[in-house]
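Participant: What follows is work.cif, mmCIF, C-alpha atoms and all ligand atoms.
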```
data_upload
loop_
_atom_site.group_PDB
_atom_site.id
_atom_site.type_symbol
_atom_site.label_atom_id
_atom_site.label_comp_id
_atom_site.auth_asym_id
_atom_site.auth_seq_id
_atom_site.Cartn_x
_atom_site.Cartn_y
_atom_site.Cartn_z
ATOM 1 C CA MET Y 246 -12.315 -24.300 3.617
ATOM 2 C CA SER Y 247 -14.540 -24.657 6.645
ATOM 3 C CA ALA Y 248 -16.999 -21.815 7.271
ATOM 4 C CA GLU Y 249 -15.502 -21.056 10.645
ATOM 5 C CA LEU Y 250 -12.163 -20.160 9.048
ATOM 6 C CA ILE Y 251 -11.684 -16.642 7.697
ATOM 7 C CA LEU Y 252 -8.111 -17.086 6.491
ATOM 8 C CA GLU Y 253 -6.190 -20.135 5.438
ATOM 9 C CA THR Y 254 -2.809 -20.668 3.851
ATOM 10 C CA GLU Y 255 -1.629 -23.853 2.195
ATOM 11 C CA GLY Y 256 2.052 -24.505 1.806
ATOM 12 C CA LEU Y 257 2.896 -20.818 1.938
ATOM 13 C CA THR Y 258 6.525 -20.465 0.911
ATOM 14 C CA LYS Y 259 8.868 -17.551 0.301
ATOM 15 C CA GLU Y 260 12.428 -17.963 -0.818
ATOM 16 C CA PHE Y 261 14.936 -15.136 -1.067
ATOM 17 C CA ALA Y 262 17.730 -16.126 -3.457
ATOM 18 C CA GLY Y 263 17.444 -19.768 -2.445
ATOM 19 C CA PHE Y 264 17.035 -19.033 1.278
ATOM 20 C CA THR Y 265 13.689 -20.229 2.620
ATOM 21 C CA ALA Y 266 12.313 -17.483 4.878
ATOM 22 C CA VAL Y 267 8.860 -19.108 5.016
ATOM 23 C CA GLY Y 268 8.614 -22.769 4.080
ATOM 24 C CA GLY Y 269 5.314 -24.573 3.640
ATOM 25 C CA VAL Y 270 3.264 -22.766 6.251
ATOM 26 C CA ASP Y 271 -0.338 -23.900 6.731
ATOM 27 C CA LEU Y 272 -2.114 -21.267 8.757
ATOM 28 C CA ARG Y 273 -5.766 -21.538 9.794
ATOM 29 C CA VAL Y 274 -7.346 -18.493 11.375
ATOM 30 C CA LYS Y 275 -10.837 -18.824 12.848
ATOM 31 C CA ARG Y 276 -13.359 -16.084 12.234
ATOM 32 C CA GLY Y 277 -13.703 -13.818 15.276
ATOM 33 C CA SER Y 278 -10.575 -15.111 16.973
ATOM 34 C CA ILE Y 279 -7.392 -13.451 18.157
ATOM 35 C CA HIS Y 280 -4.598 -15.446 16.597
ATOM 36 C CA ALA Y 281 -0.969 -14.768 17.491
ATOM 37 C CA LEU Y 282 2.049 -15.517 15.365
ATOM 38 C CA ILE Y 283 5.111 -15.880 17.554
ATOM 39 C CA GLY Y 284 8.655 -17.118 17.229
ATOM 40 C CA PRO Y 285 12.239 -16.016 17.649
ATOM 41 C CA ASN Y 286 13.845 -13.356 15.466
ATOM 42 C CA GLY Y 287 14.231 -14.511 11.907
ATOM 43 C CA ALA Y 288 11.418 -17.080 12.243
ATOM 44 C CA GLY Y 289 9.555 -15.622 9.260
ATOM 45 C CA LYS Y 290 6.750 -13.727 11.009
ATOM 46 C CA THR Y 291 7.213 -10.459 9.109
ATOM 47 C CA THR Y 292 7.618 -12.293 5.830
ATOM 48 C CA CYS Y 293 4.333 -14.122 6.544
ATOM 49 C CA PHE Y 294 2.572 -10.808 7.173
ATOM 50 C CA ASN Y 295 4.034 -9.383 3.975
ATOM 51 C CA LEU Y 296 2.801 -12.408 2.053
ATOM 52 C CA LEU Y 297 -0.692 -12.203 3.540
ATOM 53 C CA THR Y 298 -1.078 -8.529 2.656
ATOM 54 C CA LYS Y 299 0.543 -9.117 -0.741
ATOM 55 C CA PHE Y 300 3.522 -6.835 -0.181
ATOM 56 C CA LEU Y 301 5.483 -9.911 -1.173
ATOM 57 C CA ALA Y 302 4.533 -12.560 -3.714
ATOM 58 C CA PRO Y 303 4.915 -16.142 -2.469
ATOM 59 C CA THR Y 304 7.319 -18.485 -4.210
ATOM 60 C CA SER Y 305 4.606 -21.121 -3.867
ATOM 61 C CA GLY Y 306 1.496 -21.870 -1.870
ATOM 62 C CA ARG Y 307 -1.984 -20.479 -1.622
ATOM 63 C CA ILE Y 308 -3.773 -17.870 0.486
ATOM 64 C CA VAL Y 309 -7.539 -18.111 0.888
ATOM 65 C CA PHE Y 310 -9.517 -15.308 2.539
ATOM 66 C CA LYS Y 311 -13.265 -15.686 3.114
ATOM 67 C CA GLY Y 312 -13.279 -18.603 0.706
ATOM 68 C CA ALA Y 313 -11.617 -16.659 -2.134
ATOM 69 C CA ASP Y 314 -8.133 -17.386 -3.415
ATOM 70 C CA ILE Y 315 -6.276 -14.087 -2.925
ATOM 71 C CA THR Y 316 -2.813 -15.400 -3.804
ATOM 72 C CA ALA Y 317 -2.617 -13.381 -7.007
ATOM 73 C CA LEU Y 318 -4.427 -10.238 -5.848
ATOM 74 C CA ALA Y 319 -2.836 -6.798 -5.448
ATOM 75 C CA PRO Y 320 -2.536 -5.322 -1.929
ATOM 76 C CA ALA Y 321 -5.316 -2.785 -2.498
ATOM 77 C CA ASP Y 322 -7.701 -5.535 -3.619
ATOM 78 C CA VAL Y 323 -6.927 -7.589 -0.528
ATOM 79 C CA ALA Y 324 -7.644 -4.547 1.648
ATOM 80 C CA GLN Y 325 -10.858 -3.983 -0.257
ATOM 81 C CA LEU Y 326 -11.926 -7.529 0.608
ATOM 82 C CA GLY Y 327 -11.475 -6.683 4.291
ATOM 83 C CA LEU Y 328 -7.983 -7.895 5.211
ATOM 84 C CA VAL Y 329 -6.030 -4.863 6.412
ATOM 85 C CA ARG Y 330 -2.701 -4.444 8.113
ATOM 86 C CA SER Y 331 -2.171 -1.840 10.745
ATOM 87 C CA PHE Y 332 0.713 0.169 9.488
ATOM 88 C CA GLN Y 333 3.661 1.332 11.430
ATOM 89 C CA ILE Y 334 3.528 4.819 12.856
ATOM 90 C CA SER Y 335 5.093 6.318 9.742
ATOM 91 C CA ALA Y 336 1.792 5.788 7.924
ATOM 92 C CA VAL Y 337 0.106 8.314 10.204
ATOM 93 C CA PHE Y 338 0.437 11.919 9.012
ATOM 94 C CA PRO Y 339 2.516 13.418 11.824
ATOM 95 C CA HIS Y 340 1.574 17.060 11.399
ATOM 96 C CA MET Y 341 -2.137 16.471 11.148
ATOM 97 C CA THR Y 342 -4.396 16.123 14.141
ATOM 98 C CA VAL Y 343 -5.777 12.842 15.395
ATOM 99 C CA LEU Y 344 -9.182 13.876 14.056
ATOM 100 C CA GLU Y 345 -7.780 14.740 10.618
ATOM 101 C CA ASN Y 346 -5.869 11.478 10.423
ATOM 102 C CA VAL Y 347 -8.942 9.388 11.190
ATOM 103 C CA ARG Y 348 -11.112 11.490 8.884
ATOM 104 C CA ILE Y 349 -8.692 10.962 6.014
ATOM 105 C CA ALA Y 350 -8.725 7.223 6.644
ATOM 106 C CA LEU Y 351 -12.538 7.252 6.590
ATOM 107 C CA GLN Y 352 -12.432 9.199 3.344
ATOM 108 C CA ARG Y 353 -10.103 6.652 1.859
ATOM 109 C CA ARG Y 354 -12.684 3.945 2.500
ATOM 110 C CA LEU Y 355 -15.527 5.981 1.081
ATOM 111 C CA ARG Y 356 -13.360 7.110 -1.799
ATOM 112 C CA GLY Y 357 -16.246 7.918 -4.141
ATOM 113 C CA ALA Y 358 -17.505 10.657 -1.841
ATOM 114 C CA SER Y 359 -14.098 12.150 -1.178
ATOM 115 C CA MET Y 360 -14.554 15.287 -3.300
ATOM 116 C CA ASP Y 361 -17.822 16.093 -1.569
ATOM 117 C CA PHE Y 362 -15.872 16.167 1.616
ATOM 118 C CA TRP Y 363 -14.360 19.522 0.679
ATOM 119 C CA ARG Y 364 -17.581 20.996 -0.625
ATOM 120 C CA SER Y 365 -20.410 20.076 1.622
ATOM 121 C CA ARG Y 366 -20.663 21.082 5.257
ATOM 122 C CA SER Y 367 -23.069 18.230 6.046
ATOM 123 C CA VAL Y 368 -20.743 15.618 4.554
ATOM 124 C CA LEU Y 369 -17.879 17.129 6.513
ATOM 125 C CA ASP Y 370 -19.915 16.937 9.714
ATOM 126 C CA ALA Y 371 -20.857 13.323 9.030
ATOM 127 C CA TYR Y 372 -17.192 12.414 8.629
ATOM 128 C CA ASN Y 373 -16.341 14.333 11.759
ATOM 129 C CA ASP Y 374 -18.975 12.526 13.797
ATOM 130 C CA LYS Y 375 -17.832 9.122 12.579
ATOM 131 C CA ALA Y 376 -14.197 10.012 13.170
ATOM 132 C CA LEU Y 377 -14.903 11.302 16.683
ATOM 133 C CA ALA Y 378 -16.812 8.118 17.549
ATOM 134 C CA LEU Y 379 -13.902 6.011 16.381
ATOM 135 C CA ILE Y 380 -11.417 8.189 18.246
ATOM 136 C CA ALA Y 381 -13.435 7.774 21.449
ATOM 137 C CA ASP Y 382 -13.578 4.028 20.804
ATOM 138 C CA VAL Y 383 -9.806 3.720 20.894
ATOM 139 C CA GLY Y 384 -9.489 5.937 23.962
ATOM 140 C CA LEU Y 385 -8.233 9.073 22.197
ATOM 141 C CA ALA Y 386 -11.169 11.409 22.882
ATOM 142 C CA ASP Y 387 -8.961 13.815 24.846
ATOM 143 C CA TYR Y 388 -6.406 13.898 22.043
ATOM 144 C CA ALA Y 389 -8.634 14.620 19.033
ATOM 145 C CA GLN Y 390 -7.029 18.013 18.381
ATOM 146 C CA TRP Y 391 -3.456 16.947 19.079
ATOM 147 C CA ASN Y 392 -1.058 16.614 16.192
ATOM 148 C CA ALA Y 393 -0.106 12.967 15.743
ATOM 149 C CA VAL Y 394 3.570 13.826 16.228
ATOM 150 C CA GLU Y 395 2.865 15.149 19.732
ATOM 151 C CA LEU Y 396 1.140 12.014 21.000
ATOM 152 C CA PRO Y 397 2.770 9.807 23.604
ATOM 153 C CA TYR Y 398 3.981 6.553 22.040
ATOM 154 C CA GLY Y 399 1.140 4.308 23.230
ATOM 155 C CA ARG Y 400 -1.458 6.777 21.993
ATOM 156 C CA LYS Y 401 0.231 6.835 18.596
ATOM 157 C CA ARG Y 402 -0.261 3.104 18.332
ATOM 158 C CA ALA Y 403 -3.922 3.574 19.280
ATOM 159 C CA LEU Y 404 -4.208 6.152 16.484
ATOM 160 C CA GLU Y 405 -2.652 3.680 14.092
ATOM 161 C CA ILE Y 406 -5.328 1.152 15.059
ATOM 162 C CA ALA Y 407 -8.046 3.814 14.700
ATOM 163 C CA THR Y 408 -6.935 4.666 11.164
ATOM 164 C CA THR Y 409 -6.989 0.953 10.359
ATOM 165 C CA LEU Y 410 -10.457 0.506 11.883
ATOM 166 C CA ALA Y 411 -11.632 3.444 9.766
ATOM 167 C CA LEU Y 412 -11.200 1.154 6.777
ATOM 168 C CA ASP Y 413 -13.751 -1.175 8.417
ATOM 169 C CA PRO Y 414 -11.736 -4.377 7.943
ATOM 170 C CA GLU Y 415 -13.169 -7.778 8.780
ATOM 171 C CA MET Y 416 -9.707 -8.909 9.720
ATOM 172 C CA LEU Y 417 -6.800 -6.871 11.098
ATOM 173 C CA LEU Y 418 -3.159 -7.780 10.993
ATOM 174 C CA LEU Y 419 -1.348 -6.128 13.892
ATOM 175 C CA ASP Y 420 2.405 -5.935 13.761
ATOM 176 C CA GLU Y 421 3.796 -6.001 17.306
ATOM 177 C CA PRO Y 422 1.019 -3.819 18.703
ATOM 178 C CA THR Y 423 2.639 -3.416 22.140
ATOM 179 C CA ALA Y 424 6.276 -3.037 21.044
ATOM 180 C CA GLY Y 425 8.144 -0.412 23.030
ATOM 181 C CA MET Y 426 5.281 0.277 25.438
ATOM 182 C CA GLY Y 427 5.135 0.588 29.204
ATOM 183 C CA HIS Y 428 2.691 -1.358 31.395
ATOM 184 C CA GLU Y 429 -0.170 1.138 31.236
ATOM 185 C CA ASP Y 430 -0.070 1.471 27.475
ATOM 186 C CA ILE Y 431 0.174 -2.296 27.086
ATOM 187 C CA ALA Y 432 -2.920 -2.805 29.240
ATOM 188 C CA ARG Y 433 -4.809 -0.165 27.265
ATOM 189 C CA ILE Y 434 -3.864 -1.605 23.861
ATOM 190 C CA ALA Y 435 -4.683 -5.130 25.059
ATOM 191 C CA GLU Y 436 -8.163 -3.950 26.062
ATOM 192 C CA LEU Y 437 -8.533 -2.259 22.690
ATOM 193 C CA ILE Y 438 -7.536 -5.411 20.819
ATOM 194 C CA LYS Y 439 -10.080 -7.413 22.833
ATOM 195 C CA ARG Y 440 -12.768 -4.903 21.940
ATOM 196 C CA VAL Y 441 -11.754 -4.906 18.271
ATOM 197 C CA ALA Y 442 -11.884 -8.693 18.227
ATOM 198 C CA SER Y 443 -15.426 -8.774 19.578
ATOM 199 C CA THR Y 444 -16.600 -7.928 16.057
ATOM 200 C CA ARG Y 445 -13.576 -8.753 13.901
ATOM 201 C CA THR Y 446 -10.736 -11.189 13.522
ATOM 202 C CA VAL Y 447 -7.230 -10.254 14.641
ATOM 203 C CA LEU Y 448 -3.954 -11.842 13.583
ATOM 204 C CA MET Y 449 -0.992 -10.357 15.387
ATOM 205 C CA VAL Y 450 2.735 -10.738 15.618
ATOM 206 C CA GLU Y 451 3.545 -10.137 19.261
ATOM 207 C CA HIS Y 452 6.697 -10.595 21.299
ATOM 208 C CA ASN Y 453 5.225 -9.935 24.725
ATOM 209 C CA LEU Y 454 4.229 -13.400 25.925
ATOM 210 C CA SER Y 455 1.964 -12.188 28.707
ATOM 211 C CA VAL Y 456 -0.010 -10.220 26.107
ATOM 212 C CA VAL Y 457 -0.063 -13.324 23.905
ATOM 213 C CA ALA Y 458 -1.273 -15.425 26.854
ATOM 214 C CA ASP Y 459 -3.914 -12.879 27.820
ATOM 215 C CA LEU Y 460 -5.358 -12.255 24.365
ATOM 216 C CA SER Y 461 -4.842 -15.188 22.053
ATOM 217 C CA ASP Y 462 -7.353 -17.887 21.262
ATOM 218 C CA THR Y 463 -4.810 -19.608 19.054
ATOM 219 C CA ILE Y 464 -1.058 -19.308 18.747
ATOM 220 C CA THR Y 465 1.103 -20.419 15.873
ATOM 221 C CA VAL Y 466 4.779 -20.771 16.695
ATOM 222 C CA LEU Y 467 7.188 -20.353 13.816
ATOM 223 C CA THR Y 468 10.853 -21.231 13.753
ATOM 224 C CA ARG Y 469 13.055 -21.057 10.704
ATOM 225 C CA GLY Y 470 10.076 -20.425 8.475
ATOM 226 C CA ARG Y 471 8.116 -23.463 9.611
ATOM 227 C CA VAL Y 472 5.243 -24.080 11.993
ATOM 228 C CA LEU Y 473 6.646 -25.658 15.118
ATOM 229 C CA ALA Y 474 3.439 -25.800 17.127
ATOM 230 C CA GLU Y 475 -0.102 -24.519 17.182
ATOM 231 C CA GLY Y 476 -2.793 -24.333 19.838
ATOM 232 C CA ASN Y 477 -3.866 -22.294 22.828
ATOM 233 C CA TYR Y 478 -1.295 -20.770 25.157
ATOM 234 C CA GLU Y 479 -1.254 -23.692 27.559
ATOM 235 C CA THR Y 480 -0.707 -26.259 24.825
ATOM 236 C CA VAL Y 481 1.951 -24.245 23.094
ATOM 237 C CA SER Y 482 3.834 -23.174 26.207
ATOM 238 C CA ASN Y 483 3.983 -26.752 27.460
ATOM 239 C CA ASN Y 484 5.279 -28.082 24.160
ATOM 240 C CA PRO Y 485 8.900 -29.170 24.770
ATOM 241 C CA ASP Y 486 9.956 -28.227 21.230
ATOM 242 C CA VAL Y 487 8.599 -24.728 21.749
ATOM 243 C CA ARG Y 488 10.265 -24.388 25.117
ATOM 244 C CA GLU Y 489 13.558 -25.389 23.605
ATOM 245 C CA ALA Y 490 13.391 -23.471 20.347
ATOM 246 C CA TYR Y 491 11.513 -20.381 21.374
ATOM 247 C CA MET Y 492 11.707 -19.851 25.086
ATOM 248 C CA GLY Y 493 15.170 -21.290 25.476
ATOM 249 C CA VAL Y 494 14.261 -23.478 28.464
HETATM 250 P P1 LIG Y 501 10.819 -12.373 11.832
HETATM 251 O O1 LIG Y 501 9.816 -11.343 11.475
HETATM 252 O O2 LIG Y 501 10.220 -13.601 12.431
HETATM 253 O O3 LIG Y 501 11.935 -11.847 12.682
HETATM 254 P P2 LIG Y 501 11.512 -12.248 9.025
HETATM 255 O O4 LIG Y 501 10.294 -12.658 8.298
HETATM 256 O O5 LIG Y 501 11.822 -10.804 9.103
HETATM 257 O O6 LIG Y 501 11.509 -12.899 10.471
HETATM 258 O O7 LIG Y 501 12.780 -12.960 8.363
HETATM 259 C C1 LIG Y 501 12.857 -14.358 8.147
HETATM 260 C C2 LIG Y 501 14.180 -14.668 7.484
HETATM 261 O O8 LIG Y 501 14.148 -14.208 6.136
HETATM 262 C C3 LIG Y 501 15.372 -14.006 8.147
HETATM 263 O O9 LIG Y 501 16.438 -14.913 8.128
HETATM 264 C C4 LIG Y 501 15.644 -12.815 7.274
HETATM 265 O O10 LIG Y 501 17.013 -12.470 7.297
HETATM 266 C C5 LIG Y 501 15.227 -13.323 5.905
HETATM 267 N N1 LIG Y 501 14.722 -12.241 5.038
HETATM 268 C C6 LIG Y 501 13.642 -11.474 5.280
HETATM 269 N N2 LIG Y 501 13.447 -10.596 4.273
HETATM 270 C C7 LIG Y 501 14.450 -10.823 3.372
HETATM 271 C C8 LIG Y 501 14.812 -10.258 2.101
HETATM 272 N N3 LIG Y 501 14.096 -9.261 1.559
HETATM 273 N N4 LIG Y 501 15.901 -10.749 1.483
HETATM 274 C C9 LIG Y 501 16.614 -11.769 2.015
HETATM 275 N N5 LIG Y 501 16.319 -12.352 3.177
HETATM 276 C C10 LIG Y 501 15.259 -11.896 3.871
#
```
As structure tokens - that is how I would like this structure written.
Facilitator:
Amino acid sequence: MSAELILETEGLTKEFAGFTAVGGVDLRVKRGSIHALIGPNGAGKTTCFNLLTKFLAPTSGRIVFKGADITALAPADVAQLGLVRSFQISAVFPHMTVLENVRIALQRRLRGASMDFWRSRSVLDAYNDKALALIADVGLADYAQWNAVELPYGRKRALEIATTLALDPEMLLLDEPTAGMGHEDIARIAELIKRVASTRTVLMVEHNLSVVADLSDTITVLTRGRVLAEGNYETVSNNPDVREAYMGV
């Protein structure tokens, strides 16, 4: 695996009762890049994400992260290595504040110190400071004391990203980060993803093609579980196979 790649799959395959949801996918994600996985419904994007984070075991194929074969690792071990998926909103505790949610995520990373958290004022303050910095980073400074459940939709997604960043991943998997958002929220999340990617690698499934065009260094187009095309937005969007299969033109 070349040093500039952070994640690579070889022949990644997942069959469900004989149906091939993902069939022989070779994915190469460059360190520090924003890489988008796109394709029509049923193309295998979610299954790919589930394979990468080990929520599903592949039928065959290999996954290599930072040079290590992670194919047989458990999800928690993959996260520990620095490959973390931003969870859907349900993973955020709805009746806790933004600050509490981020603090808990920080605690989770620094698990060993978690009991001190309840005992020592100085440890508590240190967590608070870190959490507040992260909250400001994702544009939620004005919402720190809001309960997660009360946040507008776009801000909830920002909180989800903050709780993921609290785990200090080297690589984030973002599952449709702008789904269901209006223009303003989309612009804000796009800025946030750019900022995140200045120090980390991002792999995202994203349906909004203008977001994909704006953010992505590399795009992999899947159809029927296979890679149809790969390249930058211009290359991919001018590919006749992609236009036919994905964009319907
Ligand atoms: P996408 O995220 O691109 O819409 P998915 O990865 O969700 O695609 O699904 C790819 C294909 O695999 C679909 O045809 C879907 O019906 C099928 N599939 C996904 N998960 C399962 C499962 N647990 N059992 C059977 N088929 C599945």
Participant: Taking the file as shown, what set of residues would the PyMOL selection byres (((chain Y and resi 450) around 8) and not hetatm) give back, as a list in words?
Facilitator: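 Output from the PyMOL selection byres (((chain Y and resi 450) around 8) and not hetatm), applied to this file: Ala281, Leu282, Ile283, Lys290, Thr291, Leu419, Asp420, Glu421, Pro422, Leu448, Met449, Glu451 and His452 of chain Y.
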Participant: Step by step, work through what the PyMOL selection byres (((chain Y and resi 321) around 12) and not hetatm) selects in the shown file, and finish by giving those residues as a list in words.
Facilitator: Thr298, Lys299, Phe300, Ile315, Ala317, Leu318, Ala319, Pro320, Asp322, Val323, Ala324, Gln325, Leu326, Gly327, Leu328, Val329, Arg330, Arg353, Arg354 and Leu412 of chain Y
Participant: May I ask which of the residues Y:Asn373, Y:Ser305, Y:Thr480, Y:Thr465 is the closest one to ligand LIG 501 (chain Y), counting all atoms listed in the file?
Facilitator: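 Using all atoms listed in the file, the shortest distance to ligand LIG 501 (chain Y) belongs to Y:Thr465.
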Participant: Might I get the box with edges along x, y and z of the file that holds all atoms of ligand LIG 501 (chain Y) listed there, padded by 6 Å on every side, given as centre and edge lengths in Å to one decimal, as lines of an AutoDock Vina configuration file?
Facilitator:
```
center_x = 13.4
center_y = -12.1
center_z = 7.1
size_x = 19.2
size_y = 17.7
size_z = 23.2
```
Participant: Counting all atoms listed in the file, what residues are within 6 Å of ligand LIG 501 (chain Y), given as a list in words?
Facilitator: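 With all atoms listed in the file and a cut-off of 6 Å, ligand LIG 501 (chain Y) is contacted by Phe261, Ala266, Asn286, Gly287, Ala288, Gly289, Lys290, Thr291 and Thr292 of chain Y.
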Participant: What does the distance between CA of Leu454 in chain Y and CA of Glu489 in chain Y come to in Å, to one decimal place?
Facilitator: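 Going from CA of Leu454 in chain Y over to CA of Glu489 in chain Y, I get 15.4 Å.
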Participant: Residues picked by the PyMOL selection byres (((chain Y and resi 481) around 12) and not hetatm) here, as a ChimeraX atom specification?
Facilitator: /Y:281-284,454,457-458,461-467,472-480,482-492
Participant: Could you check how far CA of Val274 in chain Y sits from CA of Leu460 in chain Y, in Å to one decimal?
Facilitator: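 Atom-to-atom, CA of Val274 in chain Y and CA of Leu460 in chain Y are spaced 14.5 Å apart.
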Participant: Counting all atoms listed in the file, what is within 10 Å of Arg307 in chain Y, bar same-chain residues fewer than 4 positions away, as an MDAnalysis selection string?
Facilitator: chainID Y and resid 253:258 269:271 297 303 314:317
Participant: How far is it from CA of Glu436 in chain Y to CA of Ala350 in chain Y, in Å with one decimal?
Facilitator: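 Separating CA of Glu436 in chain Y from CA of Ala350 in chain Y is a distance of 22.4 Å.
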Participant: So, with all atoms listed in the file as the atoms that count, which of Y:Ala411, Y:Leu379, Y:Leu404, Y:Val394 lies closest to Gln352 in chain Y?
Facilitator: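 Nearest to Gln352 in chain Y: Y:Ala411.
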Participant: Could you give me, as a short mmCIF file (atom, residue, chain, number, x, y, z; two decimals) with C-alpha atoms, in the frame of the given file, the residues within 12 Å of Tyr398 in chain Y, counting only C-alpha atoms and dropping anything in the same chain fewer than 2 positions from it?
Facilitator:
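File written: around-v7.cif
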```cif
data_model
loop_
_atom_site.label_atom_id
_atom_site.label_comp_id
_atom_site.auth_asym_id
_atom_site.auth_seq_id
_atom_site.Cartn_x
_atom_site.Cartn_y
_atom_site.Cartn_z
CA GLN Y 333 3.66 1.33 11.43
CA ILE Y 334 3.53 4.82 12.86
CA ALA Y 393 -0.11 12.97 15.74
CA VAL Y 394 3.57 13.83 16.23
CA GLU Y 395 2.86 15.15 19.73
CA LEU Y 396 1.14 12.01 21.00
CA ARG Y 400 -1.46 6.78 21.99
CA LYS Y 401 0.23 6.84 18.60
CA ARG Y 402 -0.26 3.10 18.33
CA ALA Y 403 -3.92 3.57 19.28
CA LEU Y 404 -4.21 6.15 16.48
CA GLU Y 405 -2.65 3.68 14.09
CA PRO Y 422 1.02 -3.82 18.70
CA THR Y 423 2.64 -3.42 22.14
CA ALA Y 424 6.28 -3.04 21.04
CA GLY Y 425 8.14 -0.41 23.03
CA MET Y 426 5.28 0.28 25.44
CA GLY Y 427 5.14 0.59 29.20
CA GLU Y 429 -0.17 1.14 31.24
CA ASP Y 430 -0.07 1.47 27.48
CA ILE Y 431 0.17 -2.30 27.09
CA ILE Y 434 -3.86 -1.60 23.86
#
```
Participant: Could you tell me which of Y:Phe338, Y:Ser443, Y:Val343, Y:Asn453 comes closest to Ala386 in chain Y if we count all atoms listed in the file?
Facilitator: Y:Val343
Participant: Which of these, Y:Asn346, Y:Thr468, Y:Thr265, Y:Thr409, has the shortest distance to Tyr372 in chain Y once you count only C-alpha atoms?
Facilitator: Y:Asn346
Participant: Pick out the closest residue to Gly312 in chain Y from this set: Y:Ser247, Y:Gln390, Y:Thr408, Y:Thr444. Count all atoms listed in the file.
Facilitator: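 Looking only at the distances to Gly312 in chain Y, the closest residue turns out to be Y:Ser247.
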Participant: Residues at most 9 Å from range 374-377 of chain Y, counting only C-alpha atoms, excluding those fewer than 2 positions away in the same chain, as a PyMOL selection string?
Facilitator: chain Y and resi 344-348+350-351+369-372+379-382+385-386+389+407+411
Participant: Write the residues of the selection above to a file with C-alpha atoms, as a compact mmCIF listing (two decimals), in the frame of the given file.
Facilitator:
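Okay, part04.txt is ready:
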```txt
# COMPACT_ATOMS: atom_id res chain seq x y z
CA LEU Y 344 -9.18 13.88 14.06
CA GLU Y 345 -7.78 14.74 10.62
CA ASN Y 346 -5.87 11.48 10.42
CA VAL Y 347 -8.94 9.39 11.19
CA ARG Y 348 -11.11 11.49 8.88
CA ALA Y 350 -8.72 7.22 6.64
CA LEU Y 351 -12.54 7.25 6.59
CA LEU Y 369 -17.88 17.13 6.51
CA ASP Y 370 -19.92 16.94 9.71
CA ALA Y 371 -20.86 13.32 9.03
CA TYR Y 372 -17.19 12.41 8.63
CA LEU Y 379 -13.90 6.01 16.38
CA ILE Y 380 -11.42 8.19 18.25
CA ALA Y 381 -13.44 7.77 21.45
CA ASP Y 382 -13.58 4.03 20.80
CA LEU Y 385 -8.23 9.07 22.20
CA ALA Y 386 -11.17 11.41 22.88
CA ALA Y 389 -8.63 14.62 19.03
CA ALA Y 407 -8.05 3.81 14.70
CA ALA Y 411 -11.63 3.44 9.77
```
Participant: For Val337 in chain Y, which of Y:Ala442, Y:Ile349, Y:Asn295, Y:Phe264 is the closest residue, counting only C-alpha atoms?
Facilitator: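 Of Y:Ala442, Y:Ile349, Y:Asn295, Y:Phe264, the one nearest Val337 in chain Y is Y:Ile349, counting only C-alpha atoms.
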Participant: Using only C-alpha atoms and a cutoff of 9 Å, can you tell me which residues are near (-14.0, -14.8, 11.2) in the file's coordinates, and write them out as a list in words?
Facilitator: Ala248, Glu249, Leu250, Ile251, Leu252, Val274, Lys275, Arg276, Gly277, Ser278, Lys311, Glu415, Met416, Thr444, Arg445, Thr446 and Val447 of chain Y
